[in-house]
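Engineer: Supplied in structure tokens, the structure appears directly below.
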Amino acid sequence: MDWDDAAATWDERDEVRAYAAAAYQSLVRECRRIGFALAGVRACDYGCGTGLLSEQLIEECAAVVAVDRSPQMVAVLEDKVSRRGLDRVLPIVGELSPAFVREEPVFQAPFDLVTCSSVCAFVGDYPGTVQLLAGRLRDGGLFVQWDWELDPAADEPFGLSRDAIRAALVAADLEPVFLDTGFTITHDGHEMAPLMAVGRKGSSARR
């Protein structure tokens, strides 16, 4: 998919809005379960697209740095930020890399929360992506991802296996505290049941 071409009408897709809403509710659920307070946190929504998840995160979070490599997706979010007064959402166009993390000013302060909604299965180096993002978490911070589960028997296998996700979290010094189906929604007779993974940095949860 050409994400720039899809940007203008992305928010008009019912399944896209439903996915973002369900992802946020699953995040709230798991944060409550493990005693992680979302209120007042500094978050990074990596692969933010048009910001459908970022918009919901800002209801609780103190600030959301919303990063995507698609200029047109970010432009849609910038328009929403301007029109709706979402001044605590900071949209940034960027491709994750060691240089980006090292040089981007907003990445110099640590985050309490990093989210990746339907992003990690699309990146070229999944373990490296987790490593870079986890490296910007403060102790006790959370890394949260939602992705399609790999079906090796499919005609065109796509997604991530549970073993691959767990291995990437552990390699990035994250304690896997949840790895299972995050939510299930049905659109036009098609069921969406992505995996959700929550990794905690260090040994102490932020409360």
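Every chain in the structure tokens has a letter given in the order shown (A, B, ...), and although residue numbers restart at 1 in each chain, ligands are simply numbered from 1 in the order shown.
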Can you list every residue in range 24-63 of chain A that DSSP puts in strand (DSSP E), as a ChimeraX atom specification?

Structural biologist: /A:42-46,63

Engineer: Do a neighbour search on Asp11 in chain A at 10 Å with only C-alpha atoms, toss out local chain neighbours closer than 2 positions, and write the hits as number ranges by chain.

Structural biologist: A: 6-9, 13-17, 49-52, 76

Engineer: Counting only C-alpha atoms, which residue out of A:Val198, A:Ala75, A:Cys48, A:Ala168 sits closest to Thr129 in chain A?

Structural biologist: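 Result for the nearest residue to Thr129 in chain A: A:Ala168.
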
Engineer: Mind checking which residues fall within 6 Å of Trp148 in chain A, counting only C-alpha atoms, ignoring those fewer than 4 positions away in the same chain, and posting them as a ChimeraX atom specification?

Structural biologist: /A:159,194-195

Engineer: Take the selection from the previous step and output its residues with C-alpha atoms, as a tab-separated table (two decimals), in the first residue's frame.

Structural biologist:
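Ended up saving to selection_2.tsv:
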```tsv
chain	number	residue	atom	x	y	z
A	159	GLY	CA	2.63	-10.89	10.33
A	194	PRO	CA	-4.60	-8.81	16.22
A	195	LEU	CA	-1.96	-9.82	18.70
```

Engineer: Calculate how many Å separate CA of Leu150 in chain A from CA of Arg29 in chain A, rounding to one decimal.

Structural biologist: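 We find that CA of Leu150 in chain A and CA of Arg29 in chain A lie 24.2 Å from each other.
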
Engineer: Within 8 Å of Val177 in chain A, counting only C-alpha atoms, which residues show up once you throw out same-chain ones fewer than 4 positions away? Write them as an NGL selection string, please.

Structural biologist: :A and (197-200)

Engineer: Put those residues in a file: all heavy atoms, as an mmCIF file, in the first residue's frame.

Structural biologist:
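Wrote it out as part04.cif, contents follow:
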```cif
data_model
loop_
_atom_site.group_PDB
_atom_site.id
_atom_site.type_symbol
_atom_site.label_atom_id
_atom_site.label_comp_id
_atom_site.auth_asym_id
_atom_site.auth_seq_id
_atom_site.Cartn_x
_atom_site.Cartn_y
_atom_site.Cartn_z
ATOM 1 N N ALA A 197 1.021 -7.007 22.309
ATOM 2 C CA ALA A 197 2.155 -7.320 23.172
ATOM 3 C C ALA A 197 2.485 -6.112 24.025
ATOM 4 O O ALA A 197 2.519 -4.980 23.522
ATOM 5 C CB ALA A 197 3.375 -7.722 22.352
ATOM 6 N N VAL A 198 2.709 -6.342 25.302
ATOM 7 C CA VAL A 198 3.080 -5.281 26.228
ATOM 8 C C VAL A 198 4.381 -5.686 26.890
ATOM 9 O O VAL A 198 4.478 -6.742 27.525
ATOM 10 C CB VAL A 198 1.995 -5.062 27.311
ATOM 11 C CG1 VAL A 198 2.419 -3.926 28.255
ATOM 12 C CG2 VAL A 198 0.648 -4.764 26.669
ATOM 13 N N GLY A 199 5.397 -4.852 26.732
ATOM 14 C CA GLY A 199 6.680 -5.079 27.367
ATOM 15 C C GLY A 199 7.008 -3.951 28.319
ATOM 16 O O GLY A 199 6.801 -2.773 27.987
ATOM 17 N N ARG A 200 7.499 -4.287 29.502
ATOM 18 C CA ARG A 200 7.809 -3.273 30.508
ATOM 19 C C ARG A 200 9.318 -3.147 30.662
ATOM 20 O O ARG A 200 10.032 -4.136 30.795
ATOM 21 C CB ARG A 200 7.161 -3.645 31.843
ATOM 22 C CG ARG A 200 7.424 -2.683 32.973
ATOM 23 C CD ARG A 200 6.487 -2.940 34.147
ATOM 24 N NE ARG A 200 6.384 -4.369 34.449
ATOM 25 C CZ ARG A 200 5.435 -4.879 35.219
ATOM 26 N NH1 ARG A 200 4.502 -4.105 35.736
ATOM 27 N NH2 ARG A 200 5.407 -6.173 35.463
#
```

Engineer: Select from range 52-129 of chain A every residue with an atom at most 12 Å from any atom of range 172-175 of chain A, then for each give the shortest pair of atoms and their distance in Å to one decimal, using only C-alpha atoms, rows by chain and rising number, as a tab-separated table.

Structural biologist:
```
residue	atom	partner	partner_atom	distance
A:Tyr126	CA	A:Ala172	CA	11.1
A:Pro127	CA	A:Ala172	CA	7.8
A:Gly128	CA	A:Ala172	CA	8.5
A:Thr129	CA	A:Ala172	CA	9.5
```

Engineer: Neighbouring residues of range 82-94 of chain A were defined as those with any atom within 6 Å, considering only C-alpha atoms; residues of the same chain fewer than 2 positions away were excluded. Please report them as a ChimeraX atom specification.

Structural biologist: /A:63-69,71,79-80

Engineer: Tell me which protein, DNA and RNA residues are within 12 Å of Ala18 in chain A, counting only C-alpha atoms, leaving out same-chain ones fewer than 3 positions away, and put them as a PDB file with N, CA and C atoms, in the first residue's frame.

Structural biologist:
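Saved as selection_24.pdb:
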```
ATOM      1  N   ASP A  11      -9.179   8.156   7.262  1.00  0.00           N
ATOM      2  CA  ASP A  11     -10.088   8.276   8.409  1.00  0.00           C
ATOM      3  C   ASP A  11     -11.547   7.975   8.050  1.00  0.00           C
ATOM      4  N   GLU A  12     -11.853   7.879   6.775  1.00  0.00           N
ATOM      5  CA  GLU A  12     -13.219   7.580   6.352  1.00  0.00           C
ATOM      6  C   GLU A  12     -13.528   6.085   6.414  1.00  0.00           C
ATOM      7  N   ARG A  13     -12.513   5.271   6.632  1.00  0.00           N
ATOM      8  CA  ARG A  13     -12.694   3.823   6.650  1.00  0.00           C
ATOM      9  C   ARG A  13     -13.165   3.366   8.027  1.00  0.00           C
ATOM     10  N   ASP A  14     -14.370   2.762   8.052  1.00  0.00           N
ATOM     11  CA  ASP A  14     -14.966   2.348   9.326  1.00  0.00           C
ATOM     12  C   ASP A  14     -14.067   1.390  10.089  1.00  0.00           C
ATOM     13  N   GLU A  15     -13.447   0.434   9.369  1.00  0.00           N
ATOM     14  CA  GLU A  15     -12.638  -0.569  10.048  1.00  0.00           C
ATOM     15  C   GLU A  15     -11.377   0.034  10.659  1.00  0.00           C
ATOM     16  N   ALA A  21      -9.966   2.509  17.943  1.00  0.00           N
ATOM     17  CA  ALA A  21     -10.740   2.593  19.181  1.00  0.00           C
ATOM     18  C   ALA A  21     -10.568   1.341  20.029  1.00  0.00           C
ATOM     19  N   ALA A  22     -10.578   0.173  19.383  1.00  0.00           N
ATOM     20  CA  ALA A  22     -10.416  -1.087  20.112  1.00  0.00           C
ATOM     21  C   ALA A  22      -9.003  -1.213  20.672  1.00  0.00           C
ATOM     22  N   ALA A  23      -8.016  -0.749  19.918  1.00  0.00           N
ATOM     23  CA  ALA A  23      -6.635  -0.790  20.404  1.00  0.00           C
ATOM     24  C   ALA A  23      -6.492   0.063  21.666  1.00  0.00           C
ATOM     25  N   TYR A  24      -7.078   1.251  21.635  1.00  0.00           N
ATOM     26  CA  TYR A  24      -6.977   2.119  22.806  1.00  0.00           C
ATOM     27  C   TYR A  24      -7.654   1.486  24.018  1.00  0.00           C
ATOM     28  N   GLN A  25      -8.825   0.905  23.825  1.00  0.00           N
ATOM     29  CA  GLN A  25      -9.519   0.272  24.945  1.00  0.00           C
ATOM     30  C   GLN A  25      -8.726  -0.907  25.500  1.00  0.00           C
ATOM     31  N   LEU A  52      -5.156   8.481  14.579  1.00  0.00           N
ATOM     32  CA  LEU A  52      -6.393   8.013  15.204  1.00  0.00           C
ATOM     33  C   LEU A  52      -6.159   7.496  16.626  1.00  0.00           C
ATOM     34  N   LEU A  53      -5.026   6.830  16.855  1.00  0.00           N
ATOM     35  CA  LEU A  53      -4.697   6.399  18.215  1.00  0.00           C
ATOM     36  C   LEU A  53      -4.166   7.570  19.041  1.00  0.00           C
ATOM     37  N   PHE A 183      -7.810  -7.775  21.004  1.00  0.00           N
ATOM     38  CA  PHE A 183      -9.239  -7.505  20.875  1.00  0.00           C
ATOM     39  C   PHE A 183      -9.741  -8.214  19.624  1.00  0.00           C
ATOM     40  N   THR A 184     -11.029  -8.312  19.503  1.00  0.00           N
ATOM     41  CA  THR A 184     -11.653  -8.895  18.320  1.00  0.00           C
ATOM     42  C   THR A 184     -12.786  -7.996  17.865  1.00  0.00           C
ATOM     43  N   ILE A 185     -12.746  -7.583  16.611  1.00  0.00           N
ATOM     44  CA  ILE A 185     -13.825  -6.797  16.033  1.00  0.00           C
ATOM     45  C   ILE A 185     -14.183  -7.399  14.683  1.00  0.00           C
ATOM     46  N   THR A 186     -15.420  -7.192  14.265  1.00  0.00           N
ATOM     47  CA  THR A 186     -15.879  -7.718  12.988  1.00  0.00           C
ATOM     48  C   THR A 186     -16.372  -6.576  12.118  1.00  0.00           C
ATOM     49  N   HIS A 187     -15.892  -6.556  10.878  1.00  0.00           N
ATOM     50  CA  HIS A 187     -16.320  -5.533   9.919  1.00  0.00           C
ATOM     51  C   HIS A 187     -16.642  -6.203   8.593  1.00  0.00           C
ATOM     52  N   GLU A 191     -13.406 -10.890  10.496  1.00  0.00           N
ATOM     53  CA  GLU A 191     -12.953 -10.757  11.883  1.00  0.00           C
ATOM     54  C   GLU A 191     -11.507 -10.292  11.941  1.00  0.00           C
ATOM     55  N   MET A 192     -11.267  -9.302  12.768  1.00  0.00           N
ATOM     56  CA  MET A 192      -9.911  -8.823  13.024  1.00  0.00           C
ATOM     57  C   MET A 192      -9.570  -9.113  14.477  1.00  0.00           C
TER      58      MET A 192
END
```

Engineer: According to DSSP computed on the backbone, where in chain A is there helix (DSSP H, G or I)? Give the residues as a PyMOL selection string.

Structural biologist: chain A and resi 3-12+14-34+52-57+71-84+98-103+105-107+120-122+126-134+162-171

Engineer: Tell me, in Å to one decimal, how far CA of Val106 in chain A is from CA of Ala43 in chain A.

Structural biologist: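 CA of Val106 in chain A sits 10.9 Å away from CA of Ala43 in chain A.
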
Engineer: Would you compute the distance between CA of Ala62 in chain A and CA of Ala37 in chain A? Give it in Å to one decimal.

Structural biologist: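 Pair CA of Ala62 in chain A / CA of Ala37 in chain A returns 11.7 Å.
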
Engineer: Given the choices A:Cys116, A:Asp5, A:Glu149, A:Pro157, which gets closest to Asp45 in chain A if the distance is worked out from only C-alpha atoms?

Structural biologist: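 Distance minimum relative to Asp45 in chain A lands on A:Cys116.
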
Engineer: Smallest atom-to-atom distance to Arg136 in chain A: which of A:Tyr19, A:Phe107, A:Phe178, A:Tyr46, using only C-alpha atoms?

Structural biologist: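 Closest to Arg136 in chain A of all the choices is A:Phe107.
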
Engineer: Counting only C-alpha atoms, which of A:Leu142, A:Leu132, A:Val170, A:Asp180 gets nearest to Ala99 in chain A?

Structural biologist: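 Ranked by minimum distance to Ala99 in chain A, first place goes to A:Leu132.
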
Engineer: Which is closer to Ile165 in chain A than all the others in A:Asp147, A:Lys201, A:Gly182, A:Ala109, using only C-alpha atoms?

Structural biologist: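 Closest to Ile165 in chain A, using only C-alpha atoms: A:Asp147.
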